[in-house]
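Participant: So here's work.cif, just mmCIF, C-alpha atoms:
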```cif
data_structure
#
loop_
_atom_site.label_atom_id
_atom_site.label_comp_id
_atom_site.auth_asym_id
_atom_site.auth_seq_id
_atom_site.Cartn_x
_atom_site.Cartn_y
_atom_site.Cartn_z
CA MET A 1 0.00 0.00 0.00
CA GLY A 2 1.36 3.40 -0.91
CA SER A 3 2.31 5.96 1.68
CA GLU A 4 1.79 9.66 2.06
CA GLY A 5 5.16 9.67 3.80
CA ASP A 6 7.15 7.86 1.09
CA ALA A 7 8.42 10.95 -0.71
CA LYS A 8 9.20 12.74 2.55
CA THR A 9 10.98 9.74 4.01
CA ASN A 10 13.19 9.36 0.96
CA ASN A 11 14.43 12.97 1.13
CA ASN A 12 17.48 12.07 3.21
CA THR A 13 20.04 14.72 2.41
CA ASN A 14 22.82 13.32 4.57
CA HIS A 15 22.29 9.74 3.31
CA GLU A 16 22.24 8.31 6.84
CA ARG A 17 20.12 5.22 7.26
CA LYS A 18 17.06 6.01 9.33
CA PRO A 19 16.14 3.88 12.35
CA ARG A 20 13.80 1.16 11.05
CA PHE A 21 10.84 0.21 13.26
CA LEU A 22 8.24 -2.51 12.84
CA CYS A 23 4.94 -0.92 13.93
CA LEU A 24 2.36 -3.02 15.80
CA HIS A 25 -1.17 -1.59 15.90
CA GLY A 26 -3.82 -1.74 18.61
CA PHE A 27 -6.49 -4.37 19.28
CA ARG A 28 -9.03 -4.76 16.47
CA THR A 29 -7.56 -2.03 14.30
CA SER A 30 -5.00 -2.35 11.48
CA GLY A 31 -1.63 -1.25 10.19
CA ALA A 32 -3.32 1.29 7.94
CA ILE A 33 -5.14 2.80 10.92
CA LEU A 34 -1.99 3.13 13.03
CA LYS A 35 -0.21 4.65 10.06
CA LYS A 36 -2.94 7.26 9.62
CA GLN A 37 -2.98 8.05 13.35
CA ILE A 38 0.78 8.63 13.45
CA LEU A 39 1.03 10.60 10.20
CA ASP A 40 -1.93 12.76 11.22
CA LYS A 41 -0.73 13.43 14.78
CA TRP A 42 3.07 13.46 14.68
CA PRO A 43 4.97 16.32 13.00
CA THR A 44 7.11 15.70 9.95
CA GLN A 45 10.24 16.52 11.96
CA VAL A 46 9.60 13.26 13.86
CA VAL A 47 8.19 11.09 11.06
CA ASP A 48 10.92 12.14 8.61
CA LYS A 49 13.59 10.78 10.95
CA LEU A 50 12.10 7.28 11.15
CA ASP A 51 11.69 4.39 8.72
CA LEU A 52 8.32 2.97 9.79
CA VAL A 53 6.84 -0.27 8.48
CA PHE A 54 3.20 -0.97 9.37
CA VAL A 55 1.79 -4.51 9.31
CA ASP A 56 -1.60 -6.05 10.06
CA ALA A 57 -1.96 -8.53 12.93
CA PRO A 58 -2.42 -12.19 11.95
CA PHE A 59 -6.04 -12.67 13.05
CA PRO A 60 -9.17 -11.02 11.63
CA CYS A 61 -11.22 -9.16 14.22
CA GLN A 62 -13.35 -11.64 16.20
CA GLY A 63 -15.75 -9.08 17.67
CA LYS A 64 -16.81 -5.46 17.48
CA SER A 65 -14.03 -2.92 17.03
CA GLU A 66 -14.07 0.24 19.12
CA VAL A 67 -12.92 2.23 16.09
CA GLU A 68 -15.84 1.09 13.94
CA GLY A 69 -17.44 4.17 12.39
CA ILE A 70 -14.22 6.16 12.88
CA PHE A 71 -11.82 4.13 10.74
CA ASP A 72 -12.75 1.81 7.89
CA PRO A 73 -12.34 -1.97 8.19
CA PRO A 74 -10.82 -4.51 7.92
CA TYR A 75 -9.72 -4.84 11.55
CA TYR A 76 -7.25 -7.31 13.06
CA GLU A 77 -6.05 -8.56 16.44
CA TRP A 78 -2.71 -10.00 17.57
CA PHE A 79 -4.13 -12.64 19.92
CA GLN A 80 -7.23 -13.22 22.03
CA PHE A 81 -7.54 -12.89 25.81
CA ASN A 82 -9.98 -13.18 28.70
CA LYS A 83 -11.53 -10.27 30.61
CA GLU A 84 -8.78 -10.28 33.24
CA PHE A 85 -6.06 -10.35 30.54
CA THR A 86 -4.51 -13.42 32.18
CA VAL A 87 -5.33 -16.14 29.62
CA TYR A 88 -4.26 -15.79 25.98
CA GLU A 89 -5.24 -17.72 22.86
CA ASN A 90 -3.04 -17.96 19.75
CA PHE A 91 -0.16 -16.28 21.56
CA ASP A 92 2.45 -18.63 20.11
CA GLU A 93 1.11 -18.04 16.61
CA CYS A 94 1.29 -14.31 17.24
CA LEU A 95 4.98 -14.50 18.17
CA ALA A 96 5.69 -16.67 15.14
CA TYR A 97 3.92 -14.23 12.85
CA ILE A 98 5.86 -11.23 14.19
CA GLU A 99 9.09 -13.14 13.74
CA GLU A 100 8.05 -13.96 10.17
CA CYS A 101 7.41 -10.27 9.47
CA MET A 102 10.81 -9.33 10.91
CA ILE A 103 12.58 -11.93 8.76
CA LYS A 104 10.71 -11.05 5.59
CA HIS A 105 10.84 -7.27 5.84
CA GLY A 106 13.80 -6.62 8.12
CA PRO A 107 16.24 -6.23 9.55
CA PHE A 108 14.67 -3.84 12.05
CA ASP A 109 16.29 -1.66 14.67
CA GLY A 110 13.28 -1.69 16.96
CA LEU A 111 9.56 -1.94 17.57
CA LEU A 112 6.87 0.72 17.81
CA GLY A 113 3.57 -0.31 19.35
CA PHE A 114 0.23 1.13 20.42
CA SER A 115 -2.16 -0.52 22.91
CA GLN A 116 -2.11 -4.30 22.31
CA GLY A 117 0.83 -3.72 19.97
CA ALA A 118 2.59 -1.75 22.73
CA ILE A 119 2.06 -4.53 25.27
CA LEU A 120 3.66 -6.94 22.82
CA SER A 121 6.51 -4.56 21.99
CA GLY A 122 7.32 -4.01 25.65
CA ALA A 123 7.53 -7.76 26.31
CA LEU A 124 9.23 -9.05 23.18
CA SER A 125 12.72 -7.94 24.16
CA GLY A 126 12.58 -9.97 27.37
CA LEU A 127 10.92 -12.94 25.68
CA GLN A 128 13.63 -12.86 23.01
CA ASP A 129 16.36 -12.82 25.67
CA LYS A 130 14.79 -15.87 27.34
CA GLY A 131 14.59 -17.76 24.04
CA VAL A 132 10.79 -17.85 24.05
CA GLY A 133 10.37 -16.03 20.75
CA LEU A 134 12.14 -14.16 17.93
CA ALA A 135 15.07 -16.58 18.01
CA LYS A 136 15.66 -16.24 14.26
CA VAL A 137 15.99 -12.45 14.10
CA PRO A 138 18.52 -9.90 15.41
CA LYS A 139 18.10 -8.60 18.93
CA ILE A 140 15.55 -5.84 19.42
CA LYS A 141 17.53 -2.68 20.14
CA TYR A 142 14.94 0.12 20.62
CA LEU A 143 11.32 0.50 21.71
CA ILE A 144 8.65 3.17 21.19
CA ILE A 145 5.72 2.33 23.50
CA ILE A 146 2.41 4.24 23.22
CA GLY A 147 -0.32 3.37 25.72
CA GLY A 148 1.49 0.24 26.83
CA ALA A 149 1.19 -2.11 29.80
CA LYS A 150 2.52 -5.38 31.19
CA PHE A 151 1.24 -8.86 30.45
CA GLN A 152 -0.76 -10.15 33.43
CA ASN A 153 -0.25 -13.86 32.80
CA LYS A 154 2.31 -14.92 35.42
CA SER A 155 4.30 -17.27 33.23
CA VAL A 156 4.60 -14.77 30.38
CA ALA A 157 5.42 -11.95 32.81
CA GLU A 158 8.18 -13.97 34.49
CA LYS A 159 9.87 -14.54 31.16
CA ALA A 160 9.32 -11.04 29.78
CA TYR A 161 10.17 -8.92 32.84
CA SER A 162 12.31 -11.05 35.19
CA SER A 163 15.36 -9.12 33.99
CA ALA A 164 15.43 -5.40 33.32
CA ILE A 165 14.58 -4.30 29.78
CA THR A 166 17.91 -2.77 28.86
CA CYS A 167 17.25 -1.54 25.32
CA PRO A 168 16.57 2.22 25.12
CA SER A 169 12.85 2.93 25.19
CA VAL A 170 10.46 5.85 25.04
CA HIS A 171 7.02 5.55 26.68
CA VAL A 172 4.07 7.79 25.83
CA LEU A 173 1.63 7.91 28.78
CA GLY A 174 -1.79 9.57 28.84
CA GLU A 175 -2.99 11.12 32.08
CA GLN A 176 -6.52 9.81 31.41
CA ASP A 177 -5.47 6.50 29.85
CA TYR A 178 -7.17 3.55 31.54
CA LEU A 179 -3.89 1.67 31.09
CA LYS A 180 -1.75 4.36 32.75
CA LYS A 181 -1.29 2.39 35.98
CA TYR A 182 -0.04 -0.62 34.03
CA GLY A 183 2.09 1.56 31.79
CA ILE A 184 3.88 2.85 34.88
CA GLU A 185 4.44 -0.74 36.00
CA LEU A 186 6.12 -1.40 32.65
CA LEU A 187 8.39 1.61 33.22
CA GLU A 188 9.64 -0.02 36.40
CA SER A 189 10.94 -2.94 34.35
CA CYS A 190 12.94 -0.69 32.01
CA ALA A 191 16.52 0.25 32.79
CA ASP A 192 16.55 3.69 31.22
CA PRO A 193 13.12 4.77 29.91
CA VAL A 194 12.28 8.15 28.42
CA VAL A 195 8.75 9.19 29.44
CA ILE A 196 6.50 11.53 27.48
CA HIS A 197 3.29 12.59 29.23
CA HIS A 198 0.16 13.91 27.54
CA PRO A 199 -3.21 14.98 29.00
CA ARG A 200 -5.46 12.69 26.95
CA GLY A 201 -6.60 9.08 27.22
CA HIS A 202 -5.83 5.89 25.31
CA THR A 203 -4.83 7.40 21.99
CA ILE A 204 -1.97 8.43 19.73
CA PRO A 205 -1.33 11.99 20.98
CA ARG A 206 0.12 15.10 19.49
CA PHE A 207 3.34 16.22 21.16
CA ASP A 208 3.57 19.36 23.24
CA GLU A 209 6.84 21.28 23.19
CA LYS A 210 8.44 19.22 25.95
CA GLY A 211 7.24 15.93 24.50
CA LEU A 212 8.53 16.82 21.05
CA GLU A 213 11.92 17.72 22.50
CA SER A 214 12.09 14.38 24.33
CA MET A 215 11.11 12.38 21.25
CA LEU A 216 13.59 14.17 19.00
CA SER A 217 16.35 13.67 21.58
CA PHE A 218 15.56 9.94 21.78
CA ILE A 219 15.55 9.58 17.99
CA GLY A 220 18.82 11.53 17.78
CA LYS A 221 20.53 9.12 20.16
CA VAL A 222 19.17 6.11 18.26
CA GLN A 223 20.36 7.61 14.96
CA ALA A 224 23.84 8.21 16.35
CA GLU A 225 24.08 4.62 17.59
CA ILE A 226 22.94 2.98 14.36
CA SER A 227 25.21 5.27 12.32
CA LYS A 228 28.13 4.11 14.43
CA TRP A 229 27.03 0.51 13.95
CA ASP A 230 26.69 0.95 10.18
CA GLN A 231 30.30 2.15 10.00
CA ARG A 232 31.52 -1.25 11.18
CA PRO A 233 32.79 -3.78 8.61
CA LYS A 234 30.03 -5.27 6.48
CA GLU A 235 30.84 -8.80 7.62
CA GLU A 236 30.29 -7.82 11.24
CA ARG A 237 27.05 -5.95 10.49
CA ASN A 238 25.62 -8.82 8.49
CA LYS A 239 26.46 -11.47 11.04
CA ASN A 240 23.25 -13.26 12.06
CA LEU A 241 21.09 -10.73 10.20
CA HIS A 242 18.19 -12.00 8.13
CA GLU A 243 18.07 -9.81 5.06
CA GLY A 244 14.53 -10.03 3.70
CA SER A 245 12.59 -8.26 1.01
CA ARG A 246 12.20 -4.71 2.26
CA PRO A 247 9.18 -2.52 1.50
CA GLU A 248 9.52 1.16 0.82
CA PRO A 249 9.89 3.43 3.90
CA GLY A 250 6.49 4.22 5.40
CA GLU A 251 4.79 1.38 3.51
CA CYS A 252 1.82 -0.37 5.08
CA LEU A 253 1.82 -4.10 4.41
CA ASP A 254 -1.27 -6.25 4.02
CA ARG A 255 -1.65 -9.21 6.36
CA SER A 256 0.32 -12.24 5.24
CA LYS A 257 -1.65 -15.17 3.88
CA GLY A 258 0.42 -17.73 5.76
CA ARG A 259 2.30 -17.82 9.04
CA ALA A 260 5.40 -19.55 10.26
CA SER A 261 4.70 -22.14 12.92
CA PHE A 262 6.69 -23.71 15.72
CA GLY A 263 5.94 -25.42 18.99
CA PRO A 264 3.54 -23.76 21.44
CA VAL A 265 5.01 -21.10 23.69
CA PRO A 266 4.57 -22.26 27.32
CA LEU A 267 2.27 -19.91 29.22
#
```
I'd like the structure from this file rewritten - as structure tokens, please.

Facilitator:
Amino acid sequence: MGSEGDAKTNNNTNHERKPRFLCLHGFRTSGAILKKQILDKWPTQVVDKLDLVFVDAPFPCQGKSEVEGIFDPPYYEWFQFNKEFTVYENFDECLAYIEECMIKHGPFDGLLGFSQGAILSGALSGLQDKGVGLAKVPKIKYLIIIGGAKFQNKSVAEKAYSSAITCPSVHVLGEQDYLKKYGIELLESCADPVVIHHPRGHTIPRFDEKGLESMLSFIGKVQAEISKWDQRPKEERNKNLHEGSRPEPGECLDRSKGRASFGPVPL
């Protein structure tokens, strides 16, 4: 799917590679919806510094979407869960699908997630370190978490958060977000989080002056680190990387027809 941001993203006068993020949307929405939310709300001085790839979750929406009537379908979900968010269905398939996306369209420097996608993004680094998922792709190095929270299933939480999340992360927290309490709990598991507050609820916000400064500072540090990495010998950079077919910057990818599969992830 084409992107309003393609032309802007390709205007890279200093020829530095932009940080590449796989973007995971919220529950019962889509990659196209998250893309629209970000491009509509975030200024070009942020979007132009990032290489964002938006994908749909693996499962078609299995109930009513809260964005119905606001954004057009189709809608997707990453996995299913009970009311208490302690029991998950198709979680192993979800991890396999994300890994497949990272192999096919990567390599990626990090993950960007909103809502259900943010909960996944915040846990995947720890799950990867424990060998539970994403074993076939390079280590996640950076996180952008919007309206995130922790997994409540004890087994998943033990694997995801038993050690501090050491990769640099930025967390966007809404003062009226019903997940704010759980987003703060996630912060406590991160070694060095950058926090951006906004006055609204569970949404993709616009940045105020302070928030914009924090986001640009975070992106600047990420850019400096990947530029330093890219200056290393090619053999070292390519070691254990899975070079897949890469879409254009800002492209939104339709949901894959098939998914990789491996043994169930113990919950």

Participant: Using all atoms listed in the file, pick whichever of A:Gly147, A:Ile204, A:Ala164, A:Gly220 has the shortest atom-to-atom distance to Tyr178 (chain A).

Facilitator: A:Gly147

Participant: Which residues, written as a PyMOL selection string, have at least one atom at most 12 Å from Asn153 (chain A), with all atoms listed in the file counted and residues fewer than 6 positions away on the same chain left out?

Facilitator: chain A and resi 81-82+84-89+91+123+159-161+266-267

Participant: Would you mind listing what lies within 12 Å of His25 (chain A) as a ChimeraX atom specification, with all atoms listed in the file counted and same-chain residues fewer than 2 positions away left out?

Facilitator: /A:22-23,27-38,53-58,75-78,111-121,145-148,203-204,252

Participant: From the set A:Ser217, A:Thr44, A:Gln128, A:Ser65, which residue has the shortest atom-to-atom contact distance to Ser169 (chain A), counting all atoms listed in the file?

Facilitator: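 Closest to Ser169 (chain A) of all the choices is A:Ser217.
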
Participant: Take CA of Phe79 (chain A) and CA of Phe59 (chain A) and report the distance between them in Å, one decimal.

Facilitator: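 Separation of CA of Phe79 (chain A) and CA of Phe59 (chain A): 7.1 Å.
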
Participant: Measuring atom to atom with all atoms listed in the file, identify which of A:Met215, A:Pro233, A:Glu185, A:Lys228 is nearest to Pro43 (chain A).

Facilitator: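 Closest to Pro43 (chain A), using all atoms listed in the file: A:Met215.
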
Participant: Could you tell me how far CA of Ile196 (chain A) sits from CA of Glu213 (chain A), in Å to one decimal place?

Facilitator: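 These two atoms are separated by 9.6 Å.
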
Participant: Quick one: apply the PyMOL selection byres ((chain A and resi 193) around 12) to the file and drop the selected residues here as a PyMOL selection string.

Facilitator: chain A and resi 122+142-145+164-173+183-192+194-196+214-215+218

Participant: Do you have, as a tab-separated table, the list of residues of region 68-127 of chain A lying at most 6 Å from region 15-21 of chain A, each with its nearest atom pair and that distance in Å to one decimal, counting only C-alpha atoms and ordered by chain then number?

Facilitator:
```
residue	atom	partner	partner_atom	distance
A:Phe108	CA	A:Arg20	CA	5.2
A:Asp109	CA	A:Arg20	CA	5.2
A:Gly110	CA	A:Phe21	CA	4.8
A:Leu111	CA	A:Phe21	CA	5.0
```

Participant: Take the residues that were just selected and, keeping C-alpha atoms, output them as an mmCIF file, in the coordinates of the input.

Facilitator:
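For reference, out-v4.cif as written:
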```
data_model
loop_
_atom_site.group_PDB
_atom_site.id
_atom_site.type_symbol
_atom_site.label_atom_id
_atom_site.label_comp_id
_atom_site.auth_asym_id
_atom_site.auth_seq_id
_atom_site.Cartn_x
_atom_site.Cartn_y
_atom_site.Cartn_z
ATOM 1 C CA PHE A 108 14.670 -3.840 12.050
ATOM 2 C CA ASP A 109 16.290 -1.660 14.670
ATOM 3 C CA GLY A 110 13.280 -1.690 16.960
ATOM 4 C CA LEU A 111 9.560 -1.940 17.570
#
```

Participant: Please evaluate the PyMOL selection byres ((chain A and resi 139) around 12) against the structure above and give the resulting residues as an MDAnalysis selection string.

Facilitator: chainID A and resid 99 102 106:111 124:131 133:138 140:143 166:167 239:242

Participant: Would you mind reading off the distance between CA of Arg206 (chain A) and CA of Lys41 (chain A), one decimal, in Å?

Facilitator: 5.1 Å
